[in-house]
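Trainee: Provided below: work_18.tsv, containing TSV, C-alpha atoms and all ligand atoms.
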```
chain	number	residue	atom	x	y	z
A	1	SER	CA	1.30	-13.35	22.71
A	2	ASN	CA	-1.19	-15.33	24.74
A	3	SER	CA	-3.04	-12.32	26.03
A	4	ASN	CA	-3.35	-11.03	22.46
A	5	GLN	CA	-4.78	-14.37	21.47
A	6	MET	CA	-7.26	-14.16	24.36
A	7	ASN	CA	-8.33	-10.69	23.28
A	8	GLY	CA	-8.69	-12.01	19.76
A	9	LEU	CA	-10.87	-14.86	20.92
A	10	LYS	CA	-13.05	-12.47	22.86
A	11	ALA	CA	-13.29	-10.01	19.98
A	12	ALA	CA	-14.13	-12.75	17.48
A	13	ALA	CA	-17.20	-13.60	19.56
A	14	ALA	CA	-18.60	-10.13	18.81
A	15	PHE	CA	-19.04	-10.90	15.12
A	16	SER	CA	-21.98	-12.39	13.35
A	17	LEU	CA	-20.78	-15.90	12.54
A	18	SER	CA	-23.22	-18.69	11.97
A	19	GLU	CA	-21.02	-21.36	13.57
A	20	ASP	CA	-19.06	-21.82	16.81
A	21	ILE	CA	-15.50	-20.57	16.89
A	22	ILE	CA	-12.87	-23.29	17.27
A	23	SER	CA	-9.64	-21.31	17.20
A	24	VAL	CA	-8.07	-17.87	16.72
A	25	GLU	CA	-4.42	-17.88	15.61
A	26	ALA	CA	-1.94	-15.22	14.49
A	27	PHE	CA	-1.80	-15.02	10.70
A	28	GLY	CA	-0.01	-13.29	7.80
A	29	SER	CA	2.95	-10.94	7.73
A	30	GLY	CA	1.46	-7.44	7.83
A	31	HIS	CA	3.24	-4.69	9.74
A	32	ILE	CA	0.35	-2.41	10.54
A	33	ASN	CA	-2.58	-4.39	11.87
A	34	ASP	CA	-2.62	-7.50	14.06
A	35	THR	CA	-4.12	-10.26	11.98
A	36	TYR	CA	-5.67	-13.57	13.10
A	37	ARG	CA	-7.17	-16.56	11.38
A	38	VAL	CA	-10.50	-17.59	12.86
A	39	THR	CA	-11.61	-21.16	12.37
A	40	THR	CA	-15.22	-22.14	13.05
A	41	ARG	CA	-16.81	-25.57	13.13
A	42	ASN	CA	-16.76	-25.04	9.39
A	43	THR	CA	-19.48	-27.08	7.82
A	44	ILE	CA	-19.89	-24.09	5.49
A	45	GLY	CA	-16.27	-24.32	4.28
A	46	LYS	CA	-15.28	-20.79	5.30
A	47	THR	CA	-12.52	-19.35	7.42
A	48	PHE	CA	-12.43	-15.80	8.71
A	49	LEU	CA	-9.82	-13.14	9.21
A	50	LEU	CA	-9.91	-11.00	12.32
A	51	GLN	CA	-7.88	-7.81	12.53
A	52	ARG	CA	-7.12	-5.41	15.30
A	53	ILE	CA	-6.99	-2.09	13.46
A	54	ASN	CA	-3.95	0.04	14.19
A	55	HIS	CA	-5.87	3.05	15.44
A	56	HIS	CA	-2.74	4.97	16.37
A	57	ILE	CA	-2.12	5.31	12.65
A	58	PHE	CA	-5.78	5.29	11.60
A	59	GLN	CA	-7.59	7.53	14.02
A	60	ASN	CA	-10.80	7.79	12.05
A	61	VAL	CA	-11.92	4.17	12.23
A	62	ASP	CA	-15.48	5.05	11.21
A	63	GLY	CA	-14.26	6.77	8.06
A	64	LEU	CA	-11.83	3.98	7.34
A	65	MET	CA	-14.41	1.21	7.61
A	66	LEU	CA	-16.98	3.17	5.61
A	67	ASN	CA	-14.36	3.63	2.89
A	68	ILE	CA	-13.76	-0.12	2.78
A	69	LYS	CA	-17.50	-0.75	2.70
A	70	HIS	CA	-18.06	1.67	-0.21
A	71	VAL	CA	-15.11	0.29	-2.13
A	72	THR	CA	-15.87	-3.41	-1.66
A	73	ASP	CA	-19.58	-2.90	-2.42
A	74	HIS	CA	-18.63	-1.10	-5.60
A	75	LEU	CA	-16.09	-3.72	-6.65
A	76	LYS	CA	-18.70	-6.42	-6.13
A	77	THR	CA	-21.11	-4.74	-8.53
A	78	LYS	CA	-18.49	-5.39	-11.23
A	79	ILE	CA	-18.62	-9.14	-10.68
A	80	ALA	CA	-22.24	-9.49	-9.60
A	81	HIS	CA	-22.87	-11.98	-12.42
A	82	LEU	CA	-20.46	-14.51	-10.88
A	83	PRO	CA	-21.41	-17.10	-8.23
A	84	ILE	CA	-21.22	-15.72	-4.70
A	85	GLU	CA	-18.25	-17.94	-3.69
A	86	ILE	CA	-16.26	-16.54	-6.60
A	87	GLN	CA	-17.22	-12.97	-5.68
A	88	GLU	CA	-16.04	-13.62	-2.14
A	89	SER	CA	-12.70	-14.88	-3.40
A	90	ARG	CA	-12.03	-11.83	-5.58
A	91	VAL	CA	-13.16	-8.94	-3.38
A	92	LEU	CA	-12.90	-8.59	0.40
A	93	THR	CA	-16.15	-9.31	2.24
A	94	ILE	CA	-16.79	-7.57	5.56
A	95	ILE	CA	-18.39	-9.68	8.29
A	96	PRO	CA	-20.47	-7.33	10.45
A	97	THR	CA	-20.74	-7.58	14.22
A	98	LYS	CA	-23.73	-9.12	15.94
A	99	SER	CA	-25.13	-5.61	16.34
A	100	ASN	CA	-24.56	-5.08	12.62
A	101	ASP	CA	-21.66	-2.64	12.87
A	102	LEU	CA	-18.60	-2.59	10.63
A	103	TYR	CA	-16.24	-2.95	13.59
A	104	HIS	CA	-16.18	-3.92	17.25
A	105	LEU	CA	-14.76	-1.63	19.94
A	106	ASP	CA	-13.63	-3.61	23.01
A	107	GLU	CA	-13.17	-2.61	26.67
A	108	ASP	CA	-9.48	-1.84	26.13
A	109	GLY	CA	-10.32	0.67	23.42
A	110	ASP	CA	-9.14	-1.63	20.64
A	111	TYR	CA	-10.95	-1.72	17.30
A	112	TRP	CA	-11.60	-5.04	15.56
A	113	ARG	CA	-12.99	-6.05	12.20
A	114	MET	CA	-13.58	-9.27	10.35
A	115	PHE	CA	-13.38	-10.39	6.72
A	116	ILE	CA	-13.81	-13.67	4.95
A	117	LEU	CA	-10.37	-15.27	4.75
A	118	ILE	CA	-9.59	-16.02	1.14
A	119	ASP	CA	-8.16	-19.49	1.42
A	120	GLY	CA	-5.77	-21.26	-0.91
A	121	THR	CA	-4.00	-18.01	-1.78
A	122	LYS	CA	-0.46	-16.77	-1.31
A	123	SER	CA	1.00	-13.36	-0.66
A	124	TYR	CA	4.68	-12.64	-1.15
A	125	ASP	CA	6.75	-9.98	0.56
A	126	VAL	CA	9.23	-9.94	-2.30
A	127	VAL	CA	8.53	-10.23	-6.03
A	128	GLU	CA	10.69	-12.89	-7.64
A	129	THR	CA	9.41	-13.51	-11.14
A	130	THR	CA	8.19	-11.37	-14.03
A	131	THR	CA	4.90	-13.32	-13.93
A	132	GLN	CA	4.35	-12.21	-10.34
A	133	ALA	CA	5.28	-8.62	-11.18
A	134	SER	CA	2.95	-8.52	-14.14
A	135	GLU	CA	0.11	-10.02	-12.08
A	136	GLY	CA	0.69	-7.41	-9.38
A	137	GLY	CA	0.43	-4.66	-11.99
A	138	LYS	CA	-2.68	-6.22	-13.43
A	139	ALA	CA	-4.32	-6.43	-9.99
A	140	PHE	CA	-3.74	-2.79	-9.11
A	141	GLY	CA	-4.59	-1.64	-12.65
A	142	GLN	CA	-7.89	-3.47	-12.53
A	143	PHE	CA	-8.54	-2.15	-9.03
A	144	GLN	CA	-8.18	1.45	-10.21
A	145	LEU	CA	-10.18	0.75	-13.35
A	146	GLN	CA	-13.08	-0.71	-11.40
A	147	LEU	CA	-13.09	2.23	-9.01
A	148	ALA	CA	-12.89	4.84	-11.76
A	149	ASP	CA	-16.67	5.29	-11.69
A	150	LEU	CA	-17.07	5.40	-7.89
A	151	ASP	CA	-17.88	8.88	-6.64
A	152	ALA	CA	-14.62	10.04	-4.98
A	153	THR	CA	-16.45	12.44	-2.68
A	154	GLN	CA	-17.82	9.41	-0.80
A	155	ILE	CA	-14.32	8.44	0.23
A	156	VAL	CA	-12.70	10.02	3.28
A	157	GLU	CA	-9.05	11.06	3.25
A	158	VAL	CA	-8.08	8.85	6.19
A	159	LEU	CA	-4.43	9.94	6.19
A	160	PRO	CA	-4.37	13.55	5.01
A	161	ASN	CA	-1.28	14.53	2.96
A	162	PHE	CA	0.00	10.96	2.92
A	163	HIS	CA	1.62	11.30	-0.52
A	164	ASN	CA	1.89	15.09	-0.60
A	165	ILE	CA	5.54	15.93	-1.31
A	166	GLN	CA	5.05	19.59	-0.44
A	167	PHE	CA	3.90	18.57	3.02
A	168	ARG	CA	6.83	16.13	3.40
A	169	LEU	CA	9.38	18.76	2.32
A	170	ASP	CA	7.84	21.33	4.67
A	171	ASN	CA	8.33	18.84	7.49
A	172	LEU	CA	11.93	18.27	6.46
A	173	ARG	CA	12.55	22.02	6.48
A	174	LYS	CA	11.10	22.28	9.98
A	175	ALA	CA	13.34	19.45	11.14
A	176	ILE	CA	16.37	21.20	9.66
A	177	ALA	CA	15.49	24.49	11.33
A	178	ALA	CA	15.04	22.82	14.71
A	179	ASP	CA	18.06	20.50	14.35
A	180	SER	CA	17.12	18.95	17.67
A	181	GLN	CA	19.73	16.17	17.43
A	182	GLY	CA	22.56	18.23	15.93
A	183	ARG	CA	22.52	15.95	12.90
A	184	VAL	CA	22.05	18.53	10.13
A	185	GLU	CA	25.74	19.28	9.65
A	186	GLY	CA	26.43	15.63	8.86
A	187	VAL	CA	23.84	15.38	6.08
A	188	LYS	CA	24.59	18.52	4.03
A	189	ASP	CA	25.29	16.51	0.85
A	190	ILE	CA	22.06	14.59	1.15
A	191	LEU	CA	20.08	17.78	1.66
A	192	GLU	CA	21.72	19.23	-1.44
A	193	PHE	CA	20.67	16.12	-3.38
A	194	ILE	CA	17.10	16.47	-2.15
A	195	PHE	CA	16.60	20.19	-2.66
A	196	SER	CA	18.19	20.26	-6.09
A	197	ARG	CA	15.46	17.87	-7.27
A	198	GLU	CA	12.56	19.60	-5.58
A	199	GLU	CA	11.08	21.17	-8.70
A	200	ARG	CA	10.83	17.95	-10.67
A	201	MET	CA	9.36	16.16	-7.70
A	202	ARG	CA	6.53	18.68	-7.62
A	203	THR	CA	5.43	17.78	-11.17
A	204	ILE	CA	2.43	15.73	-10.11
A	205	LEU	CA	1.19	18.36	-7.65
A	206	ASP	CA	1.67	21.06	-10.29
A	207	LEU	CA	-0.28	19.12	-12.91
A	208	ALA	CA	-3.00	18.49	-10.37
A	209	SER	CA	-3.29	22.11	-9.31
A	210	LYS	CA	-3.70	23.12	-12.96
A	211	GLY	CA	-6.58	20.67	-13.14
A	212	ASP	CA	-4.71	18.41	-15.55
A	213	LEU	CA	-4.72	15.27	-13.41
A	214	PRO	CA	-7.98	13.64	-12.39
A	215	LEU	CA	-8.36	12.79	-8.71
A	216	ARG	CA	-9.03	9.05	-8.62
A	217	ILE	CA	-9.61	6.52	-5.91
A	218	THR	CA	-6.29	4.84	-5.32
A	219	HIS	CA	-4.99	2.11	-3.04
A	220	ASN	CA	-2.01	3.97	-1.57
A	221	ASP	CA	-0.25	0.90	-0.19
A	222	THR	CA	0.58	-1.03	-3.34
A	223	LYS	CA	3.09	-3.35	-1.74
A	224	PHE	CA	3.19	-6.75	-3.38
A	225	ASN	CA	2.01	-8.57	-0.26
A	226	ASN	CA	-1.25	-6.69	-0.59
A	227	VAL	CA	-2.21	-8.78	-3.62
A	228	LEU	CA	-3.35	-12.35	-3.02
A	229	LEU	CA	-2.25	-14.75	-5.75
A	230	ASP	CA	-3.76	-18.12	-6.53
A	231	GLN	CA	-1.74	-21.35	-6.69
A	232	ASN	CA	-0.65	-20.55	-10.25
A	233	ASP	CA	0.59	-17.09	-9.26
A	234	GLN	CA	-2.37	-15.40	-10.94
A	235	ALA	CA	-3.68	-12.30	-9.17
A	236	GLN	CA	-6.87	-13.03	-7.30
A	237	CYS	CA	-7.69	-10.24	-4.88
A	238	VAL	CA	-6.39	-6.85	-3.79
A	239	ILE	CA	-6.39	-6.60	0.01
A	240	ASP	CA	-5.37	-4.14	2.75
A	241	LEU	CA	-7.81	-1.38	1.87
A	242	ASP	CA	-7.03	0.82	4.90
A	243	THR	CA	-5.36	3.52	2.86
A	244	VAL	CA	-7.83	3.68	-0.02
A	245	MET	CA	-8.26	7.40	-0.59
A	246	PRO	CA	-8.65	9.98	-3.31
A	247	GLY	CA	-5.26	10.26	-5.02
A	248	TYR	CA	-3.34	10.26	-8.28
A	249	VAL	CA	-2.66	7.03	-10.15
A	250	ALA	CA	1.06	7.76	-10.35
A	251	TYR	CA	1.37	7.39	-6.57
A	252	ASP	CA	0.15	3.79	-6.69
A	253	PHE	CA	2.35	3.01	-9.67
A	254	GLY	CA	5.43	4.64	-8.14
A	255	ASP	CA	5.05	2.97	-4.76
A	256	ALA	CA	4.70	-0.48	-6.30
A	257	ILE	CA	7.77	0.12	-8.45
A	258	ARG	CA	9.77	1.46	-5.50
A	259	THR	CA	9.92	-1.99	-3.95
A	260	ILE	CA	9.78	-4.14	-7.10
A	261	ILE	CA	12.71	-2.42	-8.78
A	262	ASN	CA	14.97	-2.57	-5.71
A	263	PRO	CA	16.86	-5.86	-5.36
A	264	VAL	CA	17.91	-5.28	-1.74
A	265	GLU	CA	16.41	-4.52	1.65
A	266	GLU	CA	15.32	-0.99	2.56
A	267	ASP	CA	18.28	-0.76	4.95
A	268	GLU	CA	21.06	-2.18	2.77
A	269	LYS	CA	24.32	-0.43	3.59
A	270	ASP	CA	26.23	-1.41	0.47
A	271	LEU	CA	24.80	1.03	-2.07
A	272	SER	CA	26.66	-0.65	-4.93
A	273	LYS	CA	24.15	-3.49	-4.62
A	274	ILE	CA	21.35	-1.17	-5.67
A	275	VAL	CA	21.03	-1.99	-9.34
A	276	LEU	CA	17.58	-1.49	-10.85
A	277	ASN	CA	15.67	-4.62	-11.76
A	278	ILE	CA	14.39	-3.40	-15.12
A	279	PRO	CA	12.74	-6.70	-16.18
A	280	LEU	CA	10.52	-6.74	-13.08
A	281	TYR	CA	9.74	-3.07	-13.59
A	282	ALA	CA	8.79	-3.64	-17.23
A	283	ALA	CA	6.63	-6.63	-16.32
A	284	TYR	CA	4.72	-4.64	-13.70
A	285	ALA	CA	4.27	-1.74	-16.14
A	286	GLU	CA	2.97	-4.10	-18.79
A	287	GLY	CA	0.48	-5.80	-16.44
A	288	TYR	CA	-0.67	-2.46	-15.08
A	289	LEU	CA	-1.04	-0.61	-18.36
A	290	ASN	CA	-2.89	-3.38	-20.12
A	291	GLU	CA	-5.66	-2.85	-17.59
A	292	ALA	CA	-5.35	0.86	-16.95
A	293	LYS	CA	-4.88	2.15	-20.49
A	294	GLU	CA	-8.62	1.89	-20.87
A	295	PHE	CA	-9.22	4.83	-18.55
A	296	LEU	CA	-5.92	6.71	-18.15
A	297	THR	CA	-5.65	10.13	-19.78
A	298	ASP	CA	-2.50	10.98	-21.77
A	299	ILE	CA	-1.30	13.21	-18.97
A	300	GLU	CA	-1.83	10.45	-16.43
A	301	VAL	CA	0.26	8.11	-18.58
A	302	HIS	CA	2.96	10.78	-18.68
A	303	SER	CA	2.70	11.20	-14.88
A	304	LEU	CA	3.52	7.53	-14.19
A	305	LEU	CA	7.25	7.97	-14.68
A	306	GLU	CA	7.17	11.01	-12.39
A	307	GLY	CA	5.56	8.78	-9.78
A	308	VAL	CA	8.40	6.29	-10.18
A	309	PHE	CA	10.90	9.02	-9.26
A	310	LEU	CA	8.73	10.65	-6.64
A	311	LEU	CA	7.93	7.73	-4.37
A	312	PRO	CA	11.50	6.69	-3.43
A	313	TYR	CA	12.42	10.36	-3.17
A	314	MET	CA	9.51	11.03	-0.83
A	315	GLN	CA	10.32	7.96	1.24
A	316	GLY	CA	13.91	9.21	1.50
A	317	VAL	CA	12.64	12.60	2.65
A	318	ARG	CA	10.53	10.91	5.32
A	319	PHE	CA	13.39	8.75	6.61
A	320	LEU	CA	15.71	11.73	6.73
A	321	THR	CA	13.16	13.90	8.53
A	322	ASP	CA	12.76	11.20	11.16
A	323	TYR	CA	16.53	10.91	11.46
A	324	LEU	CA	16.88	14.66	12.05
A	325	GLU	CA	14.04	14.61	14.57
A	326	GLY	CA	15.51	11.76	16.61
A	327	ASP	CA	13.85	8.62	15.16
A	328	HIS	CA	10.37	8.86	16.63
A	329	TYR	CA	8.30	7.54	13.75
A	330	PHE	CA	10.05	4.60	12.11
A	331	LYS	CA	11.30	1.83	14.34
A	332	THR	CA	15.10	1.79	14.35
A	333	LYS	CA	17.56	-0.91	15.39
A	334	TYR	CA	20.72	1.21	15.54
A	335	ASP	CA	21.80	4.82	15.66
A	336	ASP	CA	21.97	5.68	11.96
A	337	HIS	CA	19.28	3.30	10.78
A	338	ASN	CA	17.09	6.02	9.30
A	339	LEU	CA	20.07	7.59	7.61
A	340	VAL	CA	20.97	4.26	5.99
A	341	ARG	CA	17.38	3.94	4.78
A	342	THR	CA	17.48	7.47	3.41
A	343	LYS	CA	20.56	6.66	1.38
A	344	THR	CA	19.07	3.52	-0.19
A	345	GLN	CA	15.99	5.43	-1.34
A	346	LEU	CA	18.02	8.28	-2.79
A	347	LYS	CA	20.38	5.82	-4.48
A	348	LEU	CA	17.31	4.39	-6.19
A	349	VAL	CA	16.45	7.87	-7.45
A	350	GLU	CA	19.99	8.32	-8.72
A	351	GLU	CA	19.93	4.99	-10.54
A	352	MET	CA	16.57	5.86	-12.04
A	353	GLU	CA	18.00	9.09	-13.39
A	354	ARG	CA	20.80	7.10	-14.98
A	355	GLN	CA	18.37	4.69	-16.60
A	356	GLU	CA	15.53	7.06	-17.30
A	357	GLU	CA	15.40	6.11	-21.00
A	358	GLU	CA	14.89	2.41	-20.20
A	359	LEU	CA	12.18	3.28	-17.70
A	360	LYS	CA	10.41	5.46	-20.25
A	361	THR	CA	10.67	2.90	-23.05
A	362	ALA	CA	9.08	0.15	-20.98
A	363	ILE	CA	5.96	2.29	-20.61
A	364	SER	CA	5.74	3.51	-24.20
A	365	SER	CA	6.33	0.07	-25.70
A	366	VAL	CA	3.28	-1.36	-23.94
A	367	LEU	CA	1.13	1.43	-25.32
A	368	GLN	CA	2.35	0.90	-28.88
A	369	ASP	CA	1.26	-2.75	-29.00
B	1	LIG	P1	-1.39	-4.89	7.19
B	1	LIG	O1	-1.96	-3.53	7.04
B	1	LIG	O2	-0.90	-5.16	8.57
B	1	LIG	O3	-0.38	-5.19	6.12
B	1	LIG	P2	-3.19	-6.73	5.78
B	1	LIG	O4	-4.64	-6.42	5.64
B	1	LIG	O5	-2.34	-6.55	4.58
B	1	LIG	O6	-2.62	-5.90	7.03
B	1	LIG	O7	-3.09	-8.24	6.29
B	1	LIG	C1	-1.86	-8.85	6.64
B	1	LIG	C2	-1.66	-10.14	5.86
B	1	LIG	O8	-2.74	-11.04	6.12
B	1	LIG	C3	-1.67	-9.97	4.35
B	1	LIG	O9	-0.40	-9.63	3.82
B	1	LIG	C4	-2.12	-11.34	3.86
B	1	LIG	O10	-1.05	-12.25	3.86
B	1	LIG	C5	-3.10	-11.76	4.94
B	1	LIG	N1	-4.51	-11.42	4.60
B	1	LIG	C6	-5.13	-10.24	4.82
B	1	LIG	N2	-6.42	-10.28	4.44
B	1	LIG	C7	-6.63	-11.53	3.96
B	1	LIG	C8	-7.78	-12.22	3.43
B	1	LIG	N3	-8.98	-11.64	3.36
B	1	LIG	N4	-7.61	-13.50	3.05
B	1	LIG	C9	-6.41	-14.13	3.15
B	1	LIG	N5	-5.31	-13.53	3.64
B	1	LIG	C10	-5.40	-12.25	4.06
B	2	MG	MG	-0.71	-5.35	4.12
B	3	MG	MG	-2.03	-2.02	5.62
```
Would you mind writing the file's structure down as structure tokens?
Ligand code: ADP
Ligand code: MG
Ligand code: MG
Mentor:
Amino acid sequence: SNSNQMNGLKAAAAFSLSEDIISVEAFGSGHINDTYRVTTRNTIGKTFLLQRINHHIFQNVDGLMLNIKHVTDHLKTKIAHLPIEIQESRVLTIIPTKSNDLYHLDEDGDYWRMFILIDGTKSYDVVETTTQASEGGKAFGQFQLQLADLDATQIVEVLPNFHNIQFRLDNLRKAIAADSQGRVEGVKDILEFIFSREERMRTILDLASKGDLPLRITHNDTKFNNVLLDQNDQAQCVIDLDTVMPGYVAYDFGDAIRTIINPVEEDEKDLSKIVLNIPLYAAYAEGYLNEAKEFLTDIEVHSLLEGVFLLPYMQGVRFLTDYLEGDHYFKTKYDDHNLVRTKTQLKLVEEMERQEEELKTAISSVLQD
């Protein structure tokens, strides 16, 4: 809206730019932050990206911005030998405010930050080709690889328990006990499906609690539109670092696969349309593993498939919990919207169980090459 644009223009003026601002326009297709493109007089050939941080979701903005600073500084050390323009096109660059802070807090209590806008790139909401899938895998594999030697204790857990299935199942159980909407009776079969798979879905947490899975720094929002591709569909830069946190590699792998492998929308009602896209899955796995095999332990490799099952399952648990609680968290367009979403996620799990051998083979065949 116009008033948003005005706020954006005002906020942009708080940042340390060497040239006058010419325009601030809405940009991109993210769902969490409000994103704007900032054009300056531009004799230096740079454009900037202004974002209003969603601080309802991210309440610790200091921790969040420090995380991004640590991560981007570290990533830049890996490409320090390259010319500065190339570095700035491969890793996000924070533009500080005029008072040299990582973000600007305005009079309305909104938090703003600025990056260099990486021009000439594309980001896709939906993966269409195996080249794109493989490049996505490569980007997130390289991202984890390059962060494998960053001290994880420096990184704040900005969204505690984000991928913790125990926490998500506890919340589901609370919602069932309360049954505030009287919806539990109607979902008995779905609950049976969920609870009969509980043990398997705890595999990653169990391995971790035995000390068998290293805690890494992971991205935690490995959607495909969080990788910028160049004009030839080659991966160029991983963006959207808000959720970078200590985590297990299988969460990143599983969440990327959750959307890549699903040919339909998250709220498709016709479950017969949910047929796994194995070629895109295999391409992502190949791109990912060719980077990540360098640092993954054997148990981490084994955990990847568990992540593939876990992430749609966990998303289903979250949709169902919201449905039972009266749809407060996810935006809904009709009465059973969250229930429809639950069913698509659990159908994915069911299809994965049916094709588990194919899923396993795609991983092991990359490692045999
Ligand atoms: P959200 O958390 O809302 O998804 P993102 O940081 O992913 O926010 O930004 C939204 C969109 O803006 C991205 O999907 C991408 O298209 C674009 N974008 C974000 N950062 C950059 C950047 N530095 N350069 C170019 N485009 C960007
Ligand atoms: Mg994003
Ligand atoms: Mg985001």
Trainee: I'd like the neighbourhood of region 154-169 of chain A as a PyMOL selection string, where a residue qualifies if any of its atoms comes within 9 Å (using all atoms listed in the file), though same-chain residues fewer than 2 positions away should be ignored.
Mentor: chain A and resi 57-61+63-64+66-68+70-71+150-152+171-174+195+198+201-202+205+217+220+242-247+251+310-311+314+317-318+321
Trainee: Output C-alpha atoms for every residue in the selection just made, as a short mmCIF file (atom, residue, chain, number, x, y, z; two decimals), in the frame of the given file.
Mentor:
```cif
data_model
loop_
_atom_site.label_atom_id
_atom_site.label_comp_id
_atom_site.auth_asym_id
_atom_site.auth_seq_id
_atom_site.Cartn_x
_atom_site.Cartn_y
_atom_site.Cartn_z
CA ILE A 57 -2.12 5.31 12.65
CA PHE A 58 -5.78 5.29 11.60
CA GLN A 59 -7.59 7.53 14.02
CA ASN A 60 -10.80 7.79 12.05
CA VAL A 61 -11.92 4.17 12.23
CA GLY A 63 -14.26 6.77 8.06
CA LEU A 64 -11.83 3.98 7.34
CA LEU A 66 -16.98 3.17 5.61
CA ASN A 67 -14.36 3.63 2.89
CA ILE A 68 -13.76 -0.12 2.78
CA HIS A 70 -18.06 1.67 -0.21
CA VAL A 71 -15.11 0.29 -2.13
CA LEU A 150 -17.07 5.40 -7.89
CA ASP A 151 -17.88 8.88 -6.64
CA ALA A 152 -14.62 10.04 -4.98
CA ASN A 171 8.33 18.84 7.49
CA LEU A 172 11.93 18.27 6.46
CA ARG A 173 12.55 22.02 6.48
CA LYS A 174 11.10 22.28 9.98
CA PHE A 195 16.60 20.19 -2.66
CA GLU A 198 12.56 19.60 -5.58
CA MET A 201 9.36 16.16 -7.70
CA ARG A 202 6.53 18.68 -7.62
CA LEU A 205 1.19 18.36 -7.65
CA ILE A 217 -9.61 6.52 -5.91
CA ASN A 220 -2.01 3.97 -1.57
CA ASP A 242 -7.03 0.82 4.90
CA THR A 243 -5.36 3.52 2.86
CA VAL A 244 -7.83 3.68 -0.02
CA MET A 245 -8.26 7.40 -0.59
CA PRO A 246 -8.65 9.98 -3.31
CA GLY A 247 -5.26 10.26 -5.02
CA TYR A 251 1.37 7.39 -6.57
CA LEU A 310 8.73 10.65 -6.64
CA LEU A 311 7.93 7.73 -4.37
CA MET A 314 9.51 11.03 -0.83
CA VAL A 317 12.64 12.60 2.65
CA ARG A 318 10.53 10.91 5.32
CA THR A 321 13.16 13.90 8.53
#
```
Trainee: CA of Ile204 (chain A) and CA of Glu306 (chain A) are how many Å apart?
Mentor: 7.1 Å
Trainee: Select, from A:Leu145, A:Ala175, A:Val227, A:Val249, the residue with the minimum atom-to-atom distance to ligand MG 3 (chain B), counting only C-alpha atoms and all ligand atoms.
Mentor: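 Under the stated criterion, the closest residue is A:Val227.
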Trainee: Kindly compile the residues surrounding ligand LIG 1 (chain B) within 6 Å, counting all atoms listed in the file, and format them as a list in words.
Mentor: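 Result of the 6 Å neighbour search around ligand LIG 1 (chain B): Gly28, Ser29, Gly30, His31, Ile32, Asn33, Thr35, Leu92, Phe115, Ile116, Leu117, Ile118, Asp119, Ser123, Asn225, Asn226, Ile239 and Asp240 of chain A.
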Trainee: Show me, as number ranges by chain, the residues that have an atom within 12 Å of Glu358 (chain A) when counting only C-alpha atoms, minus same-chain residues fewer than 4 positions from it.
Mentor: A: 276-279, 281-282, 305, 351-354, 362-365
